[in-house]
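Working notes for the structure below.
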There are 4 protein chains.
Amino acid sequence: MGTKSAIKKNYIIEKAKNVFEKKGFKTVTMKDIVEECEISRGGLYLYFSNTSEIFESVMSNVYQKDFSFITDEDMLPSKKMALYLREYKKDILQKNDALGTAVFEYCSSIKKSEENYITENVKSAIDILKNIIEEGVSCGEFVCDDAECVAKDFVFVLEGLRYYSFCSEVSDHDIDKAIMHILQGIIPMQQYVN
Amino acid sequence: MGTKSAIKKNYIIEKAKNVFEKKGFKTVTMKDIVEECEISRGGLYLYFSNTSEIFESVMSNVYQKDFSFITDEDMLPSKKMALYLREYKKDILQKNDALGTAVFEYCSSIKKSEENYITENVKSAIDILKNIIEEGVSCGEFVCDDAECVAKDFVFVLEGLRYYSFCSEVSDHDIDKAIMHILQGIIPMQQYVN
Amino acid sequence: MGTKSAIKKNYIIEKAKNVFEKKGFKTVTMKDIVEECEISRGGLYLYFSNTSEIFESVMSNVYQKDFSFITDEDMLPSKKMALYLREYKKDILQKNDALGTAVFEYCSSIKKSEENYITENVKSAIDILKNIIEEGVSCGEFVCDDAECVAKDFVFVLEGLRYYSFCSEVSDHDIDKAIMHILQGIIPMQQYVN
Amino acid sequence: MGTKSAIKKNYIIEKAKNVFEKKGFKTVTMKDIVEECEISRGGLYLYFSNTSEIFESVMSNVYQKDFSFITDEDMLPSKKMALYLREYKKDILQKNDALGTAVFEYCSSIKKSEENYITENVKSAIDILKNIIEEGVSCGEFVCDDAECVAKDFVFVLEGLRYYSFCSEVSDHDIDKAIMHILQGIIPMQQYVN
DNA sequence: CATGAATGAGAGTTCATTCAT
DNA sequence: GATGAATGAACTCTCATTCAT
């Protein structure tokens with residue numbers, strides 16, 4: 001596929017993203033995407049065979065956050081925690097009507113045994129937080145018996161808020177409060193900065 | 001519509017529930033339900049005009065739990081808490097492939113401003129837990145500064161697990177661990193019984 | 001069929017008339033009539049098998065005007081003419097939104113060779129007017145070479161106005177003017193009274 | 001829509017015309033037209049959304065007569081009258097089982113206040129005839145006090161015959177006789193040529 | 001007689017997918 | 001590559017008609 005094709009493919013992906021944000025996943029049709037892209041019916045089929053394929057492409061374009069700071073040896077665990085949670089929060093707030101519904105619909109329509117975006121996301125988030133907490137414990141910033149348990153607490157509370165946000169308004173403040181409450185369980189003084 | 005009709009209507013609701021459990025909400029068609037019920041095309045329309053109407057009926061048949069114990073003045077708050085959380089857990093585990101996906105699809109397809117099953121459910125759960133905790137604090141069973149905050153912690157962790165359960169396996173044990181972790185924050189000794 | 005049945009049948013016919021006035025003939029369904037009558041679906045079939053049958057009954061109830069004065073030997077032809085045309089006019093004006101459309105739809109959906117309400121009506125009107133004119137000529141009230149031709153002029157002008165009235169407003173005055181114009185061709189002085 | 005499409009669209013219009021001639025307007029279905037055209041169900045929807053839209057297209061293809069001679073300054077009014085009435089007659093005779101019924105059904109199903117084919121047609125015919133008569137009076141060919149009244153006499157008699165023709169046989173001769181009778185009222189000598 | 005639930009045929013409409021150009 | 005006309009399958013919905021009660 002030449003450069004021109006790649007450009008067009010990317011164009012389709014960008015446009016399709018709008019459609020998935022508007023309609024979720026299940027009810028999006030090839031026609032919807034053709035119309036959003038203002039290309040020909042046949043044209044779309046040159047690049048994608050069905051909406052799942054398009055959605056996969058949208059997701060791999062979208063789900064790329066830079067979490068390289070996690071491995072930065074010079075950064076304090078408390079700082080890492082603050083940065084990571086801030087990103088998480090931003091993610092949820094942005095999804096207050098965006099791709100989240102589509103992701104859910106897509107993932108829940110796949111057989112459970114398979115890996116999917118939500119599973120991957122949750123697992124990696126638990127892992128990252130667990131590492132940060134353990135690091136924090138070693139250097140004396142955090143106090144915690146069971147890092148995995150706290151990590152899961154963080155992640156599921158945040159996922160719960162995300163889930164809730166698809167059907168109801170969730171504010172910046174709501175998320176902050178939930179995070180602070182858990183943080184208080186592992187640090188003597190507040191170091192989480194908005 | 002006489003008694004006979006009521007029986008048939010209930011029959012349709014029961015069968016339709018299977019369909020919603022299998023397919024969620026958005027992609028369920030009147031034809032799907034007709035086929036599951038093994039009735040005629042026109043027959044279904046005698047009772048329901050569209051899938052939303054059927055789904056509403058399914059929900060009002062289903063979503064009726066007995067939480068009367070909450071107001072029982074002789075029951076210890078710790079006991080109430082245990083009972084309530086057990087029900088919550090059961091609810092999530094049953095939904096490990098059941099109506100939850102359909103509920104989500106239905107609710108997220110409704111305008112956010114409107115009340116919906118998920119919003120209602122979350123709000124009422126937070127309320128109930130907050131009351132139990134406050135009761136527990138008054139009688140010395142629990143220790144807690146901010147009952148609402150803890151209640152939300154409970155609810156969103158559980159909702160997070162529910163959400164996750166639609167796309168991945170969630171075990172009895174996973175839920176127990178999450179609950180225990182939060183409980184430890186407010187009680188000196190474990191009283192939560194499975 | 002007992003008296004009770006006859007009453008019910010008449011009730012249906014009356015109600016059905018409303019439906020035909022509202023919707024014409026072709027698009028009226030058995031369901032429309034059942035609903036207008038507020039009887040059961042099966043109930044209607046005890047009396048009528050289809051809408052044509054009902055329409056026929058409506059028509060035989062409706063199309064009965066008293067033109068006995070036509071044969072009254074003591075009445076002046078000019079008076080007969082006036083009375084007859086007045087009835088004709090009334091008929092058209094009443095049909096300014098009533099059964100006329102249904103009659104047309106019914107008649108034009110029947111094979112042309114068969115007799116139908118419109119054919120019958122037109123033929124009998126021509127006949128009556130021709131007789132009145134001839135009578136008038138004999139007694140010196142009218143002057144006319146070709147009574148049939150004038151009779152047809154009357155009838156087709158009036159039918160033209162009737163036809164036009166189904167799609168556009170036609171006033172009392174419009175009809176009067178048309179009638180007067182033809183009358184002037186056969187009488188020296190105006191004797192047509194509204 | 002390119003040239004090819006225009007051809008197909010015209011093809012559909014031609015075929016649809018047959019259907020409307022056979023069945024009138026109200027009971028014609030998209031399926032009827034699909035079958036007459038021998039195209040696919042979906043194919044028709046590429047060009048038209050409903051039967052009204054198709055009927056409108058049929059009408060604008062059909063209702064285009066050349067009456068330019070009306071404004072020809074060199075032609076005698078009597079000649080114009082003869083030509084115009086001949087066209088009118090032809091129109092009625094052709095409709096002896098053709099589009100007229102459909103036109104009526106279509107127009108009578110529209111709210112009366114709106115302009116429609118029948119209203120427009122009648123109004124323009126009255127106007128044209130009135131002008132011809134007045135022209136004829138100026139140049140001495142016709143004798144007439146009230147041109148509008150005579151014009152209406154012509155038009156409504158002819159419309160009456162048209163209406164009658166949908167339900168019964170109307171011959172060339174019937175129309176001629178009616179026309180002659182009115183003409184005799186305004187010209188001393190017959191100049192209407194068949 | 002009367003009811004109204006039930007059936008199934010049939011019309012409307014939308015789309016995924018193909019294919020000639 | 002790209003287009004968009006064309007097809008046909010699938011769904012929605014409405015009614016005429018029947019029939020057990």
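Ordering of the structure tokens sets the chain letters (A, B, ...); residue numbers start at 1 within each chain; ligands are numbered from 1 in the order shown.
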Could you do a least-squares fit of chain B on chain A over every C-alpha atom, in sequence order, and give the output as an mmCIF file with C-alpha atoms, in the first residue's frame?
```
data_model
loop_
_atom_site.group_PDB
_atom_site.id
_atom_site.type_symbol
_atom_site.label_atom_id
_atom_site.label_comp_id
_atom_site.auth_asym_id
_atom_site.auth_seq_id
_atom_site.Cartn_x
_atom_site.Cartn_y
_atom_site.Cartn_z
ATOM 1 C CA MET B 1 -0.963 0.416 -0.889
ATOM 2 C CA GLY B 2 1.196 3.484 -1.286
ATOM 3 C CA THR B 3 1.571 6.695 0.707
ATOM 4 C CA LYS B 4 -1.532 8.207 -0.779
ATOM 5 C CA SER B 5 -3.556 5.230 0.344
ATOM 6 C CA ALA B 6 -2.153 5.497 3.839
ATOM 7 C CA ILE B 7 -3.321 9.084 4.027
ATOM 8 C CA LYS B 8 -6.791 8.146 2.930
ATOM 9 C CA LYS B 9 -6.875 5.220 5.301
ATOM 10 C CA ASN B 10 -5.985 7.537 8.154
ATOM 11 C CA TYR B 11 -8.599 9.979 7.015
ATOM 12 C CA ILE B 12 -11.213 7.236 7.163
ATOM 13 C CA ILE B 13 -10.046 6.172 10.619
ATOM 14 C CA GLU B 14 -10.334 9.726 11.910
ATOM 15 C CA LYS B 15 -13.810 10.169 10.516
ATOM 16 C CA ALA B 16 -14.908 6.739 11.668
ATOM 17 C CA LYS B 17 -13.818 7.654 15.175
ATOM 18 C CA ASN B 18 -16.438 10.401 15.179
ATOM 19 C CA VAL B 19 -19.063 7.899 14.196
ATOM 20 C CA PHE B 20 -18.105 5.434 16.922
ATOM 21 C CA GLU B 21 -18.107 8.236 19.459
ATOM 22 C CA LYS B 22 -21.576 9.210 18.408
ATOM 23 C CA LYS B 23 -23.170 5.792 18.017
ATOM 24 C CA GLY B 24 -21.127 3.274 19.977
ATOM 25 C CA PHE B 25 -20.113 0.164 18.099
ATOM 26 C CA LYS B 26 -22.964 -2.225 17.515
ATOM 27 C CA THR B 27 -25.258 -0.017 15.465
ATOM 28 C CA VAL B 28 -22.594 1.603 13.336
ATOM 29 C CA THR B 29 -22.963 0.591 9.690
ATOM 30 C CA MET B 30 -20.574 0.774 6.796
ATOM 31 C CA LYS B 31 -23.023 3.268 5.339
ATOM 32 C CA ASP B 32 -22.664 5.536 8.381
ATOM 33 C CA ILE B 33 -18.942 5.649 7.849
ATOM 34 C CA VAL B 34 -19.227 6.128 4.113
ATOM 35 C CA GLU B 35 -21.441 9.118 4.730
ATOM 36 C CA GLU B 36 -19.256 10.618 7.426
ATOM 37 C CA CYS B 37 -16.244 10.290 5.118
ATOM 38 C CA GLU B 38 -18.146 11.552 2.095
ATOM 39 C CA ILE B 39 -16.662 8.843 -0.064
ATOM 40 C CA SER B 40 -18.301 6.273 -2.304
ATOM 41 C CA ARG B 41 -19.848 3.061 -1.099
ATOM 42 C CA GLY B 42 -17.286 0.931 -2.842
ATOM 43 C CA GLY B 43 -14.456 3.207 -1.853
ATOM 44 C CA LEU B 44 -14.620 2.259 1.786
ATOM 45 C CA TYR B 45 -14.333 -1.412 0.924
ATOM 46 C CA LEU B 46 -10.963 -0.771 -0.675
ATOM 47 C CA TYR B 47 -9.642 -0.131 2.803
ATOM 48 C CA PHE B 48 -11.842 -2.051 5.222
ATOM 49 C CA SER B 49 -14.143 -5.034 4.981
ATOM 50 C CA ASN B 50 -16.363 -4.431 7.985
ATOM 51 C CA THR B 51 -16.921 -2.211 10.980
ATOM 52 C CA SER B 52 -14.909 -4.434 13.323
ATOM 53 C CA GLU B 53 -11.855 -3.974 11.173
ATOM 54 C CA ILE B 54 -12.344 -0.214 11.193
ATOM 55 C CA PHE B 55 -12.888 -0.169 14.919
ATOM 56 C CA GLU B 56 -9.695 -2.106 15.520
ATOM 57 C CA SER B 57 -7.830 0.455 13.455
ATOM 58 C CA VAL B 58 -9.412 3.331 15.333
ATOM 59 C CA MET B 59 -8.369 1.746 18.594
ATOM 60 C CA SER B 60 -4.766 1.176 17.644
ATOM 61 C CA ASN B 61 -4.536 4.792 16.537
ATOM 62 C CA VAL B 62 -6.089 6.034 19.734
ATOM 63 C CA TYR B 63 -4.892 3.883 22.573
ATOM 64 C CA GLN B 64 -1.333 5.025 22.718
ATOM 65 C CA LYS B 65 -0.459 6.914 25.851
ATOM 66 C CA ASP B 66 3.038 7.776 26.885
ATOM 67 C CA PHE B 67 3.692 6.158 30.232
ATOM 68 C CA SER B 68 7.452 6.056 29.852
ATOM 69 C CA PHE B 69 7.865 8.100 33.031
ATOM 70 C CA ILE B 70 6.853 4.989 34.956
ATOM 71 C CA THR B 71 10.337 3.581 34.521
ATOM 72 C CA ASP B 72 12.110 6.843 35.268
ATOM 73 C CA GLU B 73 14.426 5.988 38.177
ATOM 74 C CA ASP B 74 14.830 9.587 39.304
ATOM 75 C CA MET B 75 11.135 10.339 39.707
ATOM 76 C CA LEU B 76 9.562 9.916 43.123
ATOM 77 C CA PRO B 77 6.828 7.272 43.336
ATOM 78 C CA SER B 78 4.411 9.871 44.661
ATOM 79 C CA LYS B 79 5.079 11.963 41.566
ATOM 80 C CA LYS B 80 4.591 8.954 39.305
ATOM 81 C CA MET B 81 1.362 8.154 41.080
ATOM 82 C CA ALA B 82 0.147 11.707 40.630
ATOM 83 C CA LEU B 83 1.002 11.736 36.939
ATOM 84 C CA TYR B 84 -0.501 8.361 36.266
ATOM 85 C CA LEU B 85 -3.749 9.089 38.062
ATOM 86 C CA ARG B 86 -4.009 12.429 36.297
ATOM 87 C CA GLU B 87 -3.815 10.662 32.939
ATOM 88 C CA TYR B 88 -6.377 8.134 34.051
ATOM 89 C CA LYS B 89 -8.713 10.911 35.100
ATOM 90 C CA LYS B 90 -8.239 12.738 31.830
ATOM 91 C CA ASP B 91 -9.019 9.559 29.976
ATOM 92 C CA ILE B 92 -12.291 9.109 31.820
ATOM 93 C CA LEU B 93 -13.356 12.710 31.430
ATOM 94 C CA GLN B 94 -12.626 12.733 27.717
ATOM 95 C CA LYS B 95 -14.740 9.633 27.386
ATOM 96 C CA ASN B 96 -17.656 11.449 28.975
ATOM 97 C CA ASP B 97 -19.402 10.784 25.676
ATOM 98 C CA ALA B 98 -16.658 9.454 23.509
ATOM 99 C CA LEU B 99 -15.224 6.123 22.514
ATOM 100 C CA GLY B 100 -15.902 4.340 25.792
ATOM 101 C CA THR B 101 -19.341 3.156 24.886
ATOM 102 C CA ALA B 102 -18.082 1.781 21.626
ATOM 103 C CA VAL B 103 -15.209 0.031 23.378
ATOM 104 C CA PHE B 104 -17.618 -1.553 25.800
ATOM 105 C CA GLU B 105 -19.980 -2.691 23.069
ATOM 106 C CA TYR B 106 -17.128 -4.058 21.048
ATOM 107 C CA CYS B 107 -15.528 -5.880 23.958
ATOM 108 C CA SER B 108 -18.711 -7.329 25.368
ATOM 109 C CA SER B 109 -19.626 -8.702 21.969
ATOM 110 C CA ILE B 110 -16.397 -10.707 21.918
ATOM 111 C CA LYS B 111 -16.125 -14.021 23.714
ATOM 112 C CA LYS B 112 -15.008 -13.481 27.284
ATOM 113 C CA SER B 113 -12.062 -15.819 27.115
ATOM 114 C CA GLU B 114 -10.325 -13.651 24.542
ATOM 115 C CA GLU B 115 -8.178 -10.713 25.485
ATOM 116 C CA ASN B 116 -9.802 -7.375 24.786
ATOM 117 C CA TYR B 117 -9.128 -3.683 25.243
ATOM 118 C CA ILE B 118 -10.904 -3.452 28.564
ATOM 119 C CA THR B 119 -9.279 -6.523 30.068
ATOM 120 C CA GLU B 120 -5.857 -5.464 28.883
ATOM 121 C CA ASN B 121 -6.312 -1.950 30.121
ATOM 122 C CA VAL B 122 -7.471 -2.961 33.560
ATOM 123 C CA LYS B 123 -4.752 -5.530 34.001
ATOM 124 C CA SER B 124 -2.011 -3.165 32.945
ATOM 125 C CA ALA B 125 -3.366 -0.377 35.163
ATOM 126 C CA ILE B 126 -3.424 -2.666 38.198
ATOM 127 C CA ASP B 127 0.095 -3.740 37.425
ATOM 128 C CA ILE B 128 1.457 -0.243 37.034
ATOM 129 C CA LEU B 129 -0.185 1.032 40.204
ATOM 130 C CA LYS B 130 0.959 -1.973 42.193
ATOM 131 C CA ASN B 131 4.539 -1.330 41.114
ATOM 132 C CA ILE B 132 4.369 2.342 41.963
ATOM 133 C CA ILE B 133 2.939 1.598 45.393
ATOM 134 C CA GLU B 134 5.575 -1.015 46.141
ATOM 135 C CA GLU B 135 8.278 1.380 45.040
ATOM 136 C CA GLY B 136 6.739 4.027 47.298
ATOM 137 C CA VAL B 137 6.684 1.636 50.200
ATOM 138 C CA SER B 138 10.389 0.768 49.770
ATOM 139 C CA CYS B 139 11.419 4.409 49.780
ATOM 140 C CA GLY B 140 9.132 5.259 52.678
ATOM 141 C CA GLU B 141 6.694 7.480 50.788
ATOM 142 C CA PHE B 142 3.748 5.107 51.118
ATOM 143 C CA VAL B 143 2.504 2.863 53.865
ATOM 144 C CA CYS B 144 0.707 -0.231 52.662
ATOM 145 C CA ASP B 145 0.389 -3.926 53.526
ATOM 146 C CA ASP B 146 -1.208 -5.143 50.354
ATOM 147 C CA ALA B 147 -0.182 -3.159 47.297
ATOM 148 C CA GLU B 148 -2.232 -5.259 44.901
ATOM 149 C CA CYS B 149 -5.354 -4.730 46.924
ATOM 150 C CA VAL B 150 -4.935 -0.980 46.922
ATOM 151 C CA ALA B 151 -4.080 -0.961 43.232
ATOM 152 C CA LYS B 152 -7.285 -2.812 42.507
ATOM 153 C CA ASP B 153 -9.197 -0.413 44.685
ATOM 154 C CA PHE B 154 -7.874 2.457 42.586
ATOM 155 C CA VAL B 155 -8.552 0.776 39.295
ATOM 156 C CA PHE B 156 -12.020 -0.518 39.999
ATOM 157 C CA VAL B 157 -13.175 2.718 41.554
ATOM 158 C CA LEU B 158 -11.956 4.519 38.475
ATOM 159 C CA GLU B 159 -13.467 1.970 36.122
ATOM 160 C CA GLY B 160 -16.702 2.235 38.071
ATOM 161 C CA LEU B 161 -16.641 5.968 37.525
ATOM 162 C CA ARG B 162 -15.867 5.515 33.876
ATOM 163 C CA TYR B 163 -18.759 3.100 33.474
ATOM 164 C CA TYR B 164 -21.043 5.470 35.320
ATOM 165 C CA SER B 165 -19.872 8.344 33.166
ATOM 166 C CA PHE B 166 -21.331 6.719 30.057
ATOM 167 C CA CYS B 167 -24.812 7.095 31.502
ATOM 168 C CA SER B 168 -24.519 10.073 33.764
ATOM 169 C CA GLU B 169 -22.428 13.184 34.294
ATOM 170 C CA VAL B 170 -19.181 12.636 36.155
ATOM 171 C CA SER B 171 -17.116 15.684 37.089
ATOM 172 C CA ASP B 172 -13.446 16.273 37.577
ATOM 173 C CA HIS B 173 -14.229 16.821 41.207
ATOM 174 C CA ASP B 174 -16.010 13.475 41.637
ATOM 175 C CA ILE B 175 -12.962 11.655 40.392
ATOM 176 C CA ASP B 176 -10.581 13.686 42.531
ATOM 177 C CA LYS B 177 -12.532 12.925 45.653
ATOM 178 C CA ALA B 178 -12.548 9.224 45.005
ATOM 179 C CA ILE B 179 -8.827 9.207 44.341
ATOM 180 C CA MET B 180 -8.012 11.289 47.395
ATOM 181 C CA HIS B 181 -9.950 8.946 49.616
ATOM 182 C CA ILE B 182 -7.919 5.954 48.569
ATOM 183 C CA LEU B 183 -4.663 7.875 48.635
ATOM 184 C CA GLN B 184 -5.277 8.877 52.222
ATOM 185 C CA GLY B 185 -5.103 5.207 53.079
ATOM 186 C CA ILE B 186 -1.499 4.977 52.009
ATOM 187 C CA ILE B 187 0.131 8.391 52.502
ATOM 188 C CA PRO B 188 0.367 10.534 55.600
ATOM 189 C CA MET B 189 0.395 13.820 53.697
ATOM 190 C CA GLN B 190 -1.359 14.736 50.486
ATOM 191 C CA GLN B 191 0.978 14.844 47.537
ATOM 192 C CA TYR B 192 -1.473 14.256 44.766
ATOM 193 C CA VAL B 193 -1.659 17.406 42.738
ATOM 194 C CA ASN B 194 -4.368 17.987 40.222
#
```
Please identify every residue of chain E that has at least one atom no more than 8 Å from any atom of chain C, counting only C-alpha atoms (C1' of nucleotides), and report them as number ranges by chain. E: 2-4
I need the residues from that last selection saved to file as a tab-separated table (two decimals), in the first residue's frame (with C-alpha atoms (C1' of nucleotides)), if you can.
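Produced file part-v6.tsv, reproduced below:
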```
chain	number	residue	atom	x	y	z
E	2	DA	C1'	-69.89	-11.58	20.14
E	3	DT	C1'	-65.21	-11.28	21.38
E	4	DG	C1'	-60.44	-10.49	20.66
```
DSSP helix (DSSP H, G or I) selection over region 5-146 of chain D, as a PyMOL selection string: chain D and resi 5-23+30-37+41-45+51-62+68-71+77-94+100-108+117-138
At what distance in Å, to one decimal, does C1' of DT14 (chain F) lie from C1' of DC15 (chain E)? 22.9 Å
Select from chain F every residue with an atom at most 12 Å from any atom of chain D, then for each give the shortest pair of atoms and their distance in Å to one decimal, using only C-alpha atoms (C1' of nucleotides), rows by chain and rising number, as a Markdown table.
```
| residue | atom | partner | partner_atom | distance |
| --- | --- | --- | --- | --- |
| F:DT3 | C1' | D:Gly2 | CA | 11.7 |
| F:DG4 | C1' | D:Met1 | CA | 9.1 |
| F:DA5 | C1' | D:Gly43 | CA | 8.1 |
| F:DA6 | C1' | D:Gly43 | CA | 6.1 |
| F:DT7 | C1' | D:Ser40 | CA | 6.1 |
| F:DG8 | C1' | D:Ser40 | CA | 7.6 |
| F:DA9 | C1' | D:Gly42 | CA | 10.7 |
```
Could you save the residues just selected, with C-alpha atoms (C1' of nucleotides), as an mmCIF file, in the first residue's frame?
```
data_model
loop_
_atom_site.group_PDB
_atom_site.id
_atom_site.type_symbol
_atom_site.label_atom_id
_atom_site.label_comp_id
_atom_site.auth_asym_id
_atom_site.auth_seq_id
_atom_site.Cartn_x
_atom_site.Cartn_y
_atom_site.Cartn_z
ATOM 1 C "C1'" DT F 3 -17.160 4.970 -8.226
ATOM 2 C "C1'" DG F 4 -21.922 4.327 -7.408
ATOM 3 C "C1'" DA F 5 -25.687 1.551 -9.451
ATOM 4 C "C1'" DA F 6 -27.771 -2.728 -8.458
ATOM 5 C "C1'" DT F 7 -29.176 -6.633 -5.864
ATOM 6 C "C1'" DG F 8 -31.340 -9.239 -2.306
ATOM 7 C "C1'" DA F 9 -31.602 -10.393 2.406
#
```
Between C1' of DC11 (chain F) and C1' of DG8 (chain E), what is the distance, to one decimal in Å? 15.9 Å
